[in-house]
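Novice: Sharing target36.txt here; it has compact mmCIF, C-alpha atoms and all ligand atoms.
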# COMPACT_ATOMS: atom_id res chain seq x y z
CA MET A 20 0.00 0.00 0.00
CA PRO A 21 1.39 3.41 -0.95
CA ASP A 22 1.72 6.06 1.78
CA ARG A 23 -1.01 8.67 1.54
CA TYR A 24 -0.69 12.43 1.51
CA ALA A 25 -3.07 15.26 0.67
CA VAL A 26 -3.33 19.00 0.26
CA PHE A 27 -6.19 20.79 2.02
CA GLY A 28 -7.55 24.14 0.89
CA ASN A 29 -10.66 26.02 -0.09
CA PRO A 30 -10.83 26.37 -3.03
CA ILE A 31 -8.54 23.52 -4.04
CA GLY A 32 -9.62 22.61 -7.58
CA HIS A 33 -6.74 24.37 -9.33
CA SER A 34 -4.02 23.11 -7.00
CA LYS A 35 -0.93 21.89 -8.84
CA SER A 36 0.39 20.12 -5.75
CA PRO A 37 -0.91 16.62 -6.67
CA LEU A 38 0.85 16.80 -10.05
CA ILE A 39 4.05 18.16 -8.50
CA HIS A 40 4.20 15.42 -5.86
CA ALA A 41 3.34 12.75 -8.43
CA ALA A 42 6.28 13.97 -10.52
CA PHE A 43 8.59 13.91 -7.47
CA ALA A 44 7.43 10.39 -6.57
CA ARG A 45 8.05 9.08 -10.10
CA GLN A 46 11.43 10.71 -10.22
CA THR A 47 12.61 9.34 -6.85
CA GLY A 48 10.83 5.96 -7.01
CA GLN A 49 8.75 6.68 -3.89
CA ASP A 50 5.47 4.79 -3.51
CA ILE A 51 3.00 7.48 -2.49
CA VAL A 52 -0.41 8.82 -3.44
CA TYR A 53 -1.16 12.51 -3.02
CA GLU A 54 -4.61 13.96 -3.50
CA ALA A 55 -6.32 17.36 -3.30
CA ARG A 56 -9.03 17.62 -0.66
CA LEU A 57 -11.54 20.41 -0.34
CA ALA A 58 -12.24 21.25 3.31
CA ALA A 59 -15.28 23.23 4.37
CA LEU A 60 -14.35 26.70 5.62
CA ASP A 61 -15.22 25.61 9.16
CA GLY A 62 -14.09 22.03 8.65
CA PHE A 63 -10.33 21.97 8.21
CA THR A 64 -9.31 20.61 11.62
CA GLN A 65 -11.87 17.81 11.41
CA ALA A 66 -10.86 16.95 7.84
CA ALA A 67 -7.16 16.83 8.70
CA ILE A 68 -7.71 14.67 11.79
CA THR A 69 -9.97 12.31 9.84
CA PHE A 70 -7.30 11.98 7.16
CA ALA A 71 -4.68 11.16 9.80
CA VAL A 72 -6.94 8.61 11.49
CA GLU A 73 -7.55 6.96 8.11
CA GLY A 74 -3.79 6.47 7.79
CA GLY A 75 -2.69 9.68 6.03
CA ARG A 76 1.02 10.29 6.67
CA GLY A 77 1.13 14.00 6.04
CA ALA A 78 -0.60 16.95 4.43
CA ASN A 79 0.04 20.26 2.82
CA VAL A 80 -2.17 23.14 3.80
CA THR A 81 -3.05 26.10 1.64
CA VAL A 82 -5.30 29.15 1.74
CA PRO A 83 -7.16 29.81 4.01
CA PHE A 84 -6.12 27.15 6.54
CA LYS A 85 -2.44 27.82 7.29
CA GLU A 86 -3.16 29.62 10.59
CA GLU A 87 -5.60 26.91 11.67
CA ALA A 88 -2.97 24.28 10.82
CA PHE A 89 -0.54 26.21 13.01
CA ARG A 90 -2.96 25.86 15.92
CA LEU A 91 -3.61 22.19 15.14
CA ALA A 92 0.06 21.16 15.27
CA THR A 93 1.30 19.65 18.54
CA GLN A 94 4.95 20.37 17.65
CA LEU A 95 6.25 23.22 15.53
CA SER A 96 9.44 23.87 13.65
CA GLU A 97 11.11 27.16 14.53
CA ARG A 98 10.23 28.70 11.17
CA ALA A 99 6.56 27.69 11.51
CA ALA A 100 6.45 29.12 15.02
CA LYS A 101 7.84 32.42 13.70
CA ALA A 102 5.44 32.51 10.76
CA GLU A 103 2.46 31.49 12.93
CA ALA A 104 1.41 29.54 9.86
CA VAL A 105 1.86 25.91 8.80
CA ASN A 106 1.84 24.56 5.26
CA THR A 107 3.21 21.08 5.99
CA LEU A 108 1.83 18.62 8.53
CA THR A 109 3.33 15.26 9.39
CA PHE A 110 1.25 12.74 11.33
CA LYS A 111 3.44 10.68 13.67
CA GLY A 112 1.61 8.57 16.24
CA ASP A 113 -0.33 11.00 18.40
CA GLU A 114 1.81 13.94 17.35
CA ILE A 115 1.06 16.40 14.57
CA LEU A 116 4.27 18.07 13.42
CA GLY A 117 3.84 21.48 11.81
CA ASP A 118 6.37 23.09 9.50
CA ASN A 119 6.36 25.93 7.01
CA THR A 120 8.34 25.45 3.81
CA ASP A 121 7.13 28.56 1.96
CA GLY A 122 10.02 30.82 2.88
CA ALA A 123 12.66 28.17 2.26
CA GLY A 124 11.01 27.50 -1.10
CA LEU A 125 11.16 31.19 -2.00
CA VAL A 126 14.82 31.56 -1.03
CA ARG A 127 15.77 28.36 -2.83
CA ASP A 128 13.99 29.49 -5.99
CA ILE A 129 15.71 32.87 -5.89
CA ARG A 130 19.15 31.34 -5.28
CA ASP A 131 19.18 28.08 -7.21
CA ASN A 132 16.80 28.72 -10.10
CA LEU A 133 17.10 32.46 -10.63
CA HIS A 134 20.79 32.59 -9.61
CA PHE A 135 20.26 35.68 -7.47
CA GLU A 136 22.16 35.70 -4.17
CA PRO A 137 20.15 37.62 -1.55
CA ALA A 138 23.09 38.00 0.88
CA GLY A 139 24.18 41.62 1.11
CA LYS A 140 21.25 42.83 -1.02
CA ARG A 141 18.58 45.41 -0.23
CA ILE A 142 15.27 43.55 -0.16
CA LEU A 143 11.79 45.03 -0.24
CA LEU A 144 8.86 42.82 0.75
CA MET A 145 5.37 44.11 -0.04
CA GLY A 146 2.50 42.84 2.11
CA ALA A 147 1.95 42.00 5.75
CA GLY A 148 -0.56 39.15 5.52
CA GLY A 149 0.06 35.44 5.88
CA ALA A 150 2.00 35.15 2.64
CA ALA A 151 4.48 37.85 3.67
CA ARG A 152 4.80 36.65 7.22
CA GLY A 153 5.67 33.13 6.07
CA VAL A 154 8.80 34.26 4.24
CA ILE A 155 10.32 36.94 6.50
CA GLN A 156 12.43 34.69 8.74
CA PRO A 157 14.01 32.70 5.87
CA LEU A 158 14.73 35.98 4.04
CA LEU A 159 16.46 37.35 7.16
CA GLU A 160 18.49 34.16 7.44
CA ALA A 161 19.76 34.79 3.90
CA LYS A 162 21.60 37.81 5.42
CA PRO A 163 20.39 40.70 3.26
CA ALA A 164 21.93 44.15 3.75
CA ALA A 165 18.40 45.29 4.65
CA LEU A 166 14.90 43.89 4.64
CA MET A 167 12.11 46.44 4.47
CA VAL A 168 8.47 45.36 4.76
CA VAL A 169 5.82 47.77 3.49
CA ASN A 170 2.08 47.45 3.62
CA ARG A 171 -0.92 49.45 2.41
CA THR A 172 -2.19 49.41 6.00
CA GLU A 173 1.05 50.62 7.51
CA GLU A 174 0.18 49.64 11.06
CA LYS A 175 0.10 45.95 10.09
CA ALA A 176 3.66 46.19 8.83
CA HIS A 177 4.81 47.87 12.06
CA LEU A 178 3.30 45.07 14.14
CA LEU A 179 5.69 42.64 12.46
CA ARG A 180 8.65 44.40 14.08
CA ASP A 181 7.74 42.77 17.40
CA PHE A 182 8.24 39.33 15.85
CA PHE A 183 11.15 39.78 13.48
CA ASN A 184 14.36 41.42 14.66
CA GLY A 185 16.12 43.47 12.06
CA ILE A 186 13.34 44.39 9.63
CA LYS A 187 12.41 47.94 8.71
CA THR A 188 8.73 48.63 8.21
CA GLY A 189 6.64 51.34 6.64
CA GLY A 190 4.13 52.36 4.05
CA TYR A 191 4.53 52.87 0.32
CA ALA A 192 5.17 56.60 0.81
CA ASP A 193 8.35 55.68 2.70
CA LEU A 194 9.80 54.18 -0.48
CA GLN A 195 10.46 57.61 -2.04
CA GLY A 196 14.18 57.95 -2.58
CA ARG A 197 14.97 54.32 -1.76
CA GLN A 198 16.17 51.61 -4.13
CA PHE A 199 16.09 47.85 -3.77
CA ASP A 200 17.91 44.97 -5.46
CA LEU A 201 15.11 42.48 -4.85
CA VAL A 202 11.44 43.48 -4.68
CA ILE A 203 9.02 40.74 -3.63
CA ASN A 204 5.26 41.02 -4.01
CA ALA A 205 3.57 39.04 -1.24
CA THR A 206 0.31 41.00 -1.48
CA SER A 207 -2.89 39.71 -3.02
CA SER A 208 -3.08 42.83 -5.23
CA GLY A 209 -2.64 40.75 -8.39
CA LEU A 210 -5.89 38.92 -7.71
CA SER A 211 -7.80 42.18 -8.13
CA ASP A 212 -5.54 43.27 -11.00
CA GLN A 213 -4.10 46.12 -8.94
CA LEU A 214 -0.62 47.52 -8.59
CA PRO A 215 0.71 48.45 -5.15
CA PRO A 216 1.64 52.17 -5.24
CA LEU A 217 5.37 51.79 -5.93
CA PRO A 218 7.51 54.76 -6.93
CA ASP A 219 9.15 54.58 -10.37
CA THR A 220 12.58 54.68 -8.77
CA VAL A 221 12.23 51.60 -6.55
CA PHE A 222 14.40 49.18 -8.59
CA SER A 223 18.20 49.33 -8.53
CA ASP A 224 20.17 48.49 -11.70
CA GLY A 225 20.03 44.73 -12.17
CA ALA A 226 17.18 44.33 -9.70
CA LEU A 227 15.00 41.23 -9.55
CA ALA A 228 11.22 41.64 -9.22
CA TYR A 229 9.55 38.57 -7.74
CA ASP A 230 5.80 38.04 -7.60
CA MET A 231 4.63 35.15 -5.43
CA MET A 232 1.65 34.73 -7.77
CA TYR A 233 1.90 32.61 -10.90
CA GLY A 234 -0.23 31.67 -13.87
CA ARG A 235 -0.54 35.11 -15.44
CA GLU A 236 1.22 38.44 -15.57
CA THR A 237 0.20 40.66 -12.66
CA PRO A 238 0.27 44.48 -12.78
CA PHE A 239 3.41 44.30 -10.60
CA MET A 240 5.16 42.03 -13.10
CA ARG A 241 4.17 44.36 -15.93
CA PHE A 242 5.35 47.43 -13.98
CA ALA A 243 8.70 45.77 -13.28
CA ARG A 244 9.15 44.63 -16.87
CA GLU A 245 8.37 48.13 -18.14
CA HIS A 246 11.11 49.42 -15.85
CA GLY A 247 13.65 47.07 -17.39
CA THR A 248 13.80 44.76 -14.39
CA THR A 249 14.19 40.98 -14.45
CA VAL A 250 10.83 39.47 -13.49
CA ALA A 251 9.99 36.14 -11.87
CA ASP A 252 6.64 34.63 -10.91
CA GLY A 253 5.91 32.27 -8.03
CA LEU A 254 5.88 28.99 -9.93
CA GLY A 255 9.42 28.17 -8.85
CA MET A 256 8.53 28.88 -5.22
CA LEU A 257 5.50 26.61 -5.50
CA VAL A 258 7.62 23.70 -6.73
CA GLU A 259 10.43 24.39 -4.25
CA GLN A 260 8.13 24.55 -1.21
CA ALA A 261 6.66 21.24 -2.36
CA ALA A 262 10.14 19.73 -2.70
CA GLU A 263 10.94 20.87 0.82
CA ALA A 264 7.76 19.16 2.11
CA PHE A 265 8.56 16.01 0.11
CA PHE A 266 12.00 15.97 1.75
CA ILE A 267 10.48 16.32 5.23
CA TRP A 268 8.17 13.37 4.60
CA ARG A 269 10.36 11.07 2.52
CA GLY A 270 13.94 12.06 3.35
CA VAL A 271 14.71 12.38 -0.36
CA ARG A 272 15.29 15.65 -2.19
CA PRO A 273 13.69 15.60 -5.65
CA GLN A 274 15.06 17.54 -8.60
CA THR A 275 12.92 20.60 -9.10
CA ALA A 276 14.23 22.02 -12.39
CA PRO A 277 12.57 19.40 -14.64
CA VAL A 278 9.26 19.82 -12.81
CA ILE A 279 9.35 23.62 -13.11
CA ALA A 280 10.21 23.27 -16.81
CA GLN A 281 7.35 20.82 -17.32
CA PHE A 282 4.83 23.29 -15.80
CA ARG A 283 6.26 26.23 -17.75
CA ALA A 284 5.78 24.28 -20.96
CA ALA A 285 2.21 23.29 -20.09
P1 LIG B 301 -2.30 36.44 2.21
O1 LIG B 301 -2.57 35.24 3.06
O2 LIG B 301 -2.25 36.17 0.73
O3 LIG B 301 -1.12 37.22 2.67
P2 LIG B 301 -3.98 38.42 3.42
O4 LIG B 301 -3.57 38.01 4.79
O5 LIG B 301 -5.41 38.74 3.14
O6 LIG B 301 -3.61 37.34 2.34
O7 LIG B 301 -3.08 39.68 3.03
C1 LIG B 301 -3.21 40.35 1.81
C2 LIG B 301 -2.10 41.37 1.71
O8 LIG B 301 -2.15 42.01 0.42
C3 LIG B 301 -2.20 42.48 2.73
O9 LIG B 301 -0.89 42.88 3.09
C4 LIG B 301 -2.92 43.58 1.95
O10 LIG B 301 -2.72 44.87 2.43
P3 LIG B 301 -3.66 45.44 3.63
O11 LIG B 301 -3.16 44.82 4.89
O12 LIG B 301 -3.46 46.90 3.61
O13 LIG B 301 -5.06 45.02 3.29
C5 LIG B 301 -2.25 43.41 0.61
N1 LIG B 301 -3.01 44.00 -0.51
C6 LIG B 301 -4.15 43.54 -1.08
N2 LIG B 301 -4.51 44.31 -2.12
C7 LIG B 301 -3.56 45.28 -2.24
C8 LIG B 301 -3.38 46.39 -3.13
N3 LIG B 301 -4.23 46.64 -4.13
N4 LIG B 301 -2.30 47.18 -2.94
C9 LIG B 301 -1.41 46.93 -1.94
N5 LIG B 301 -1.55 45.90 -1.07
C10 LIG B 301 -2.61 45.09 -1.21
Mind turning this structure into structure tokens?
Ligand code: ATR
Specialist:
Amino acid sequence: MPDRYAVFGNPIGHSKSPLIHAAFARQTGQDIVYEARLAALDGFTQAAITFAVEGGRGANVTVPFKEEAFRLATQLSERAAKAEAVNTLTFKGDEILGDNTDGAGLVRDIRDNLHFEPAGKRILLMGAGGAARGVIQPLLEAKPAALMVVNRTEEKAHLLRDFFNGIKTGGYADLQGRQFDLVINATSSGLSDQLPPLPDTVFSDGALAYDMMYGRETPFMRFAREHGTTVADGLGMLVEQAAEAFFIWRGVRPQTAPVIAQFRAA
């Protein structure tokens, strides 16, 4: 019998995770099945526990359940504790281990796939919701020269200072006169086809603009491209965070480049 895994979300229909994990399993010869499961908005905890009781070995968790998964876990990795969000659960006896591989996936994509070394660079992170929060600690661990977090609702960015030592926070108006080598969009602005109010001068020469969204060009990607900046979407991060979860569960690190290429081609 193959070991069973699942991803829980709402909605979940468009999740690429089952295909990604199937590709990893084929590539590494691991005998697993991985399915997408829709959980009711008030039914995630029950659904996850039921899956574990039925023999599920682990689960990924996506929007909007990452904070609930954080509360469900009986043991947390340090990075999940910092993020207060969990995207990877491992069921071990009576314990539910919670981890968060989003930030590691982002940093790995930036370093290994995009060949951009964040150490010593000036990084701007836009957004202060769950997506932003999940990547701050791993970005700090990459030793940037500075990490500034801006948010439309400035107060929410300032609150993050209590959790993460060494970040600067502010609003978009504070970006006047500042330049960054790496600008990361962790807002949901792309979903509503909006552009965060960035000044024209925000990108340094040779800057990388990274949008955590994928699947289509967002206004931020277009803005960055029009300013001559290298642009990346979040597909690489998606595959890398999955690889990190696969490694936690199976102890084997799959190759991500062929899987990213396969999705780009599709
Ligand atoms: P997620 O889990 O994706 O982070 P979230 O917690 O709802 O979702 O957070 C959405 C983030 O996108 C917030 O930082 C939000 O800014 P506010 O806190 O001011 O609401 C940001 N956001 C959404 N639309 C935006 C827009 N058009 N311009 C700038 N920021 C935007």
Novice: Using all atoms listed in the file, find the one residue out of A:Gly77, A:Pro218, A:Pro83, A:Gly247 that sits nearest to ligand LIG 301 (chain B).
Specialist: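 Using all atoms listed in the file, ligand LIG 301 (chain B) sits closest to A:Pro83.
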Novice: Please write out the residues within 9 Å of ligand LIG 301 (chain B) as a VMD selection string, counting all atoms listed in the file.
Specialist: chain A and resid 82 to 83 85 145 to 153 169 to 176 191 204 to 216
Novice: Quick one, how far is CA of Val250 in chain A from CA of Leu227 in chain A?
Specialist: 6.0 Å
Novice: One number please: CA of Ile129 in chain A to CA of Thr81 in chain A, in Å, one decimal.
Specialist: 21.3 Å
Novice: Compare A:Gly117, A:Pro21, A:Gly196, A:Gly253 by their minimum atom-to-atom distance to Tyr229 in chain A, counting all atoms listed in the file, and give me the closest one.
Specialist: A:Gly253
Novice: One decimal, in Å: what's the spacing between CA of His33 in chain A and CA of Val72 in chain A?
Specialist: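 We find that CA of His33 in chain A and CA of Val72 in chain A lie 26.1 Å from each other.
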Novice: Can you list, as a PyMOL selection string, every protein, DNA or RNA residue that comes within 6 Å of range 161-168 of chain A when you count all atoms listed in the file, leaving out same-chain residues fewer than 2 positions away?
Specialist: chain A and resi 137-145+158-159+186-188
Novice: Please determine, counting all atoms listed in the file, which residue among A:Glu103, A:Asp181, A:Glu136, A:Asp219 has the shortest atom-to-atom distance to Leu201 in chain A.
Specialist: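 Of all the options, A:Glu136 lies closest to Leu201 in chain A.
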Novice: Of the residues A:Thr69, A:Thr249, A:Gln274, A:Ser223, which is the one nearest to His40 in chain A, using only C-alpha atoms?
Specialist: A:Gln274
Novice: Could you give me, as a PyMOL selection string, the residues within 9 Å of Val278 in chain A, counting all atoms listed in the file and dropping anything in the same chain fewer than 2 positions from it?
Specialist: chain A and resi 39+42-43+258+274-276+280-283
Novice: Next, the residues of the selection above should be written as a compact mmCIF listing (two decimals), keeping the file's coordinate frame with C-alpha atoms.
Specialist:
# COMPACT_ATOMS: atom_id res chain seq x y z
CA ILE A 39 4.05 18.16 -8.50
CA ALA A 42 6.28 13.97 -10.52
CA PHE A 43 8.59 13.91 -7.47
CA VAL A 258 7.62 23.70 -6.73
CA GLN A 274 15.06 17.54 -8.60
CA THR A 275 12.92 20.60 -9.10
CA ALA A 276 14.23 22.02 -12.39
CA ALA A 280 10.21 23.27 -16.81
CA GLN A 281 7.35 20.82 -17.32
CA PHE A 282 4.83 23.29 -15.80
CA ARG A 283 6.26 26.23 -17.75
Novice: Name the closest residue to Leu217 in chain A among the candidates A:Gly255, A:Gly190, A:Gly270, A:Pro157; distances are taken between atoms, counting only C-alpha atoms.
Specialist: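 Closest candidate: A:Gly190.
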Novice: What are the closest atom pairs, with distances in Å to one decimal, for all residues of range 37-97 of chain A lying within 12 Å of range 262-269 of chain A? Consider all atoms listed in the file, order rows by chain and residue number, and present the result as a tab-separated table.
Specialist:
residue	atom	partner	partner_atom	distance
A:Pro37	CA	A:Phe265	CA	11.7
A:Ile39	CA	A:Ala262	CA	8.6
A:His40	CA	A:Phe265	CA	7.4
A:Ala41	CA	A:Phe265	CA	10.5
A:Ala42	CA	A:Ala262	CA	10.5
A:Phe43	CA	A:Ala262	CA	7.7
A:Ala44	CA	A:Phe265	CA	8.8
A:Gln46	CA	A:Ala262	CA	11.8
A:Thr47	CA	A:Arg269	CA	9.8
A:Gly48	CA	A:Arg269	CA	10.8
A:Gln49	CA	A:Arg269	CA	7.9
A:Asp50	CA	A:Arg269	CA	10.0
A:Ile51	CA	A:Arg269	CA	9.6
A:Tyr53	CA	A:Phe265	CA	10.8
A:Gly75	CA	A:Trp268	CA	11.6
A:Arg76	CA	A:Trp268	CA	8.1
A:Gly77	CA	A:Trp268	CA	7.2
A:Ala78	CA	A:Ala264	CA	9.0
A:Asn79	CA	A:Ala264	CA	7.8
A:Val80	CA	A:Ala264	CA	10.8
A:Ser96	CA	A:Ile267	CA	11.4
Novice: Keeping C-alpha atoms for every residue in the selection just given, could you write it to a file as a PDB file, in the coordinates of the input?
Specialist:
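result-v7.pdb was written with the following content:
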ATOM      1  CA  PRO A  37      -0.910  16.620  -6.670  1.00  0.00           C
ATOM      2  CA  ILE A  39       4.050  18.160  -8.500  1.00  0.00           C
ATOM      3  CA  HIS A  40       4.200  15.420  -5.860  1.00  0.00           C
ATOM      4  CA  ALA A  41       3.340  12.750  -8.430  1.00  0.00           C
ATOM      5  CA  ALA A  42       6.280  13.970 -10.520  1.00  0.00           C
ATOM      6  CA  PHE A  43       8.590  13.910  -7.470  1.00  0.00           C
ATOM      7  CA  ALA A  44       7.430  10.390  -6.570  1.00  0.00           C
ATOM      8  CA  GLN A  46      11.430  10.710 -10.220  1.00  0.00           C
ATOM      9  CA  THR A  47      12.610   9.340  -6.850  1.00  0.00           C
ATOM     10  CA  GLY A  48      10.830   5.960  -7.010  1.00  0.00           C
ATOM     11  CA  GLN A  49       8.750   6.680  -3.890  1.00  0.00           C
ATOM     12  CA  ASP A  50       5.470   4.790  -3.510  1.00  0.00           C
ATOM     13  CA  ILE A  51       3.000   7.480  -2.490  1.00  0.00           C
ATOM     14  CA  TYR A  53      -1.160  12.510  -3.020  1.00  0.00           C
ATOM     15  CA  GLY A  75      -2.690   9.680   6.030  1.00  0.00           C
ATOM     16  CA  ARG A  76       1.020  10.290   6.670  1.00  0.00           C
ATOM     17  CA  GLY A  77       1.130  14.000   6.040  1.00  0.00           C
ATOM     18  CA  ALA A  78      -0.600  16.950   4.430  1.00  0.00           C
ATOM     19  CA  ASN A  79       0.040  20.260   2.820  1.00  0.00           C
ATOM     20  CA  VAL A  80      -2.170  23.140   3.800  1.00  0.00           C
ATOM     21  CA  SER A  96       9.440  23.870  13.650  1.00  0.00           C
TER      22      SER A  96
END
Novice: Which one of A:Val221, A:Tyr233, A:Ala285, A:Pro273 sits closest to Thr248 in chain A if you count only C-alpha atoms?
Specialist: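 Counting only C-alpha atoms, the residue closest to Thr248 in chain A is A:Val221.
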Novice: Can we get range 224-250 of chain A of that structure written down with N, CA and C atoms, as a PDB file, in the first residue's frame?
Specialist:
ATOM      1  N   ASP A 224      19.693  49.119 -10.452  1.00  0.00           N
ATOM      2  CA  ASP A 224      20.167  48.494 -11.699  1.00  0.00           C
ATOM      3  C   ASP A 224      20.360  47.007 -11.445  1.00  0.00           C
ATOM      4  N   GLY A 225      19.849  46.174 -12.334  1.00  0.00           N
ATOM      5  CA  GLY A 225      20.034  44.732 -12.175  1.00  0.00           C
ATOM      6  C   GLY A 225      19.132  44.117 -11.124  1.00  0.00           C
ATOM      7  N   ALA A 226      18.085  44.844 -10.734  1.00  0.00           N
ATOM      8  CA  ALA A 226      17.178  44.330  -9.698  1.00  0.00           C
ATOM      9  C   ALA A 226      16.355  43.146 -10.211  1.00  0.00           C
ATOM     10  N   LEU A 227      15.915  42.337  -9.258  1.00  0.00           N
ATOM     11  CA  LEU A 227      14.997  41.233  -9.552  1.00  0.00           C
ATOM     12  C   LEU A 227      13.644  41.563  -8.927  1.00  0.00           C
ATOM     13  N   ALA A 228      12.583  41.456  -9.721  1.00  0.00           N
ATOM     14  CA  ALA A 228      11.217  41.636  -9.219  1.00  0.00           C
ATOM     15  C   ALA A 228      10.573  40.262  -9.138  1.00  0.00           C
ATOM     16  N   TYR A 229      10.088  39.914  -7.960  1.00  0.00           N
ATOM     17  CA  TYR A 229       9.547  38.567  -7.735  1.00  0.00           C
ATOM     18  C   TYR A 229       8.095  38.668  -7.270  1.00  0.00           C
ATOM     19  N   ASP A 230       7.202  38.067  -8.013  1.00  0.00           N
ATOM     20  CA  ASP A 230       5.796  38.039  -7.602  1.00  0.00           C
ATOM     21  C   ASP A 230       5.466  36.630  -7.140  1.00  0.00           C
ATOM     22  N   MET A 231       4.932  36.493  -5.945  1.00  0.00           N
ATOM     23  CA  MET A 231       4.626  35.153  -5.433  1.00  0.00           C
ATOM     24  C   MET A 231       3.428  34.518  -6.146  1.00  0.00           C
ATOM     25  N   MET A 232       2.735  35.308  -6.962  1.00  0.00           N
ATOM     26  CA  MET A 232       1.653  34.732  -7.771  1.00  0.00           C
ATOM     27  C   MET A 232       2.219  34.101  -9.041  1.00  0.00           C
ATOM     28  N   TYR A 233       1.462  33.194  -9.628  1.00  0.00           N
ATOM     29  CA  TYR A 233       1.896  32.605 -10.897  1.00  0.00           C
ATOM     30  C   TYR A 233       0.660  32.354 -11.748  1.00  0.00           C
ATOM     31  N   GLY A 234       0.892  32.018 -13.001  1.00  0.00           N
ATOM     32  CA  GLY A 234      -0.231  31.670 -13.872  1.00  0.00           C
ATOM     33  C   GLY A 234      -0.579  32.765 -14.863  1.00  0.00           C
ATOM     34  N   ARG A 235      -0.318  34.023 -14.489  1.00  0.00           N
ATOM     35  CA  ARG A 235      -0.538  35.106 -15.443  1.00  0.00           C
ATOM     36  C   ARG A 235       0.264  36.316 -14.990  1.00  0.00           C
ATOM     37  N   GLU A 236       0.451  37.247 -15.906  1.00  0.00           N
ATOM     38  CA  GLU A 236       1.220  38.440 -15.573  1.00  0.00           C
ATOM     39  C   GLU A 236       0.375  39.367 -14.707  1.00  0.00           C
ATOM     40  N   THR A 237       0.892  39.733 -13.558  1.00  0.00           N
ATOM     41  CA  THR A 237       0.202  40.662 -12.660  1.00  0.00           C
ATOM     42  C   THR A 237       0.611  42.093 -13.018  1.00  0.00           C
ATOM     43  N   PRO A 238      -0.161  43.092 -12.558  1.00  0.00           N
ATOM     44  CA  PRO A 238       0.268  44.478 -12.778  1.00  0.00           C
ATOM     45  C   PRO A 238       1.674  44.752 -12.241  1.00  0.00           C
ATOM     46  N   PHE A 239       2.053  44.109 -11.137  1.00  0.00           N
ATOM     47  CA  PHE A 239       3.408  44.298 -10.604  1.00  0.00           C
ATOM     48  C   PHE A 239       4.464  43.757 -11.575  1.00  0.00           C
ATOM     49  N   MET A 240       4.203  42.587 -12.131  1.00  0.00           N
ATOM     50  CA  MET A 240       5.162  42.030 -13.098  1.00  0.00           C
ATOM     51  C   MET A 240       5.292  42.953 -14.309  1.00  0.00           C
ATOM     52  N   ARG A 241       4.165  43.479 -14.765  1.00  0.00           N
ATOM     53  CA  ARG A 241       4.173  44.361 -15.933  1.00  0.00           C
ATOM     54  C   ARG A 241       4.957  45.641 -15.601  1.00  0.00           C
ATOM     55  N   PHE A 242       4.668  46.217 -14.448  1.00  0.00           N
ATOM     56  CA  PHE A 242       5.353  47.432 -13.985  1.00  0.00           C
ATOM     57  C   PHE A 242       6.869  47.203 -13.961  1.00  0.00           C
ATOM     58  N   ALA A 243       7.266  46.068 -13.401  1.00  0.00           N
ATOM     59  CA  ALA A 243       8.703  45.773 -13.282  1.00  0.00           C
ATOM     60  C   ALA A 243       9.324  45.590 -14.666  1.00  0.00           C
ATOM     61  N   ARG A 244       8.630  44.869 -15.516  1.00  0.00           N
ATOM     62  CA  ARG A 244       9.153  44.628 -16.873  1.00  0.00           C
ATOM     63  C   ARG A 244       9.301  45.960 -17.606  1.00  0.00           C
ATOM     64  N   GLU A 245       8.312  46.829 -17.464  1.00  0.00           N
ATOM     65  CA  GLU A 245       8.369  48.129 -18.142  1.00  0.00           C
ATOM     66  C   GLU A 245       9.498  49.010 -17.607  1.00  0.00           C
ATOM     67  N   HIS A 246       9.980  48.672 -16.398  1.00  0.00           N
ATOM     68  CA  HIS A 246      11.112  49.419 -15.847  1.00  0.00           C
ATOM     69  C   HIS A 246      12.433  48.692 -16.085  1.00  0.00           C
ATOM     70  N   GLY A 247      12.401  47.725 -16.987  1.00  0.00           N
ATOM     71  CA  GLY A 247      13.648  47.067 -17.395  1.00  0.00           C
ATOM     72  C   GLY A 247      14.200  46.076 -16.390  1.00  0.00           C
ATOM     73  N   THR A 248      13.355  45.638 -15.468  1.00  0.00           N
ATOM     74  CA  THR A 248      13.801  44.755 -14.390  1.00  0.00           C
ATOM     75  C   THR A 248      13.574  43.291 -14.764  1.00  0.00           C
ATOM     76  N   THR A 249      14.424  42.412 -14.292  1.00  0.00           N
ATOM     77  CA  THR A 249      14.188  40.976 -14.447  1.00  0.00           C
ATOM     78  C   THR A 249      12.976  40.591 -13.606  1.00  0.00           C
ATOM     79  N   VAL A 250      12.093  39.784 -14.161  1.00  0.00           N
ATOM     80  CA  VAL A 250      10.829  39.469 -13.487  1.00  0.00           C
ATOM     81  C   VAL A 250      10.704  37.959 -13.295  1.00  0.00           C
TER      82      VAL A 250
END
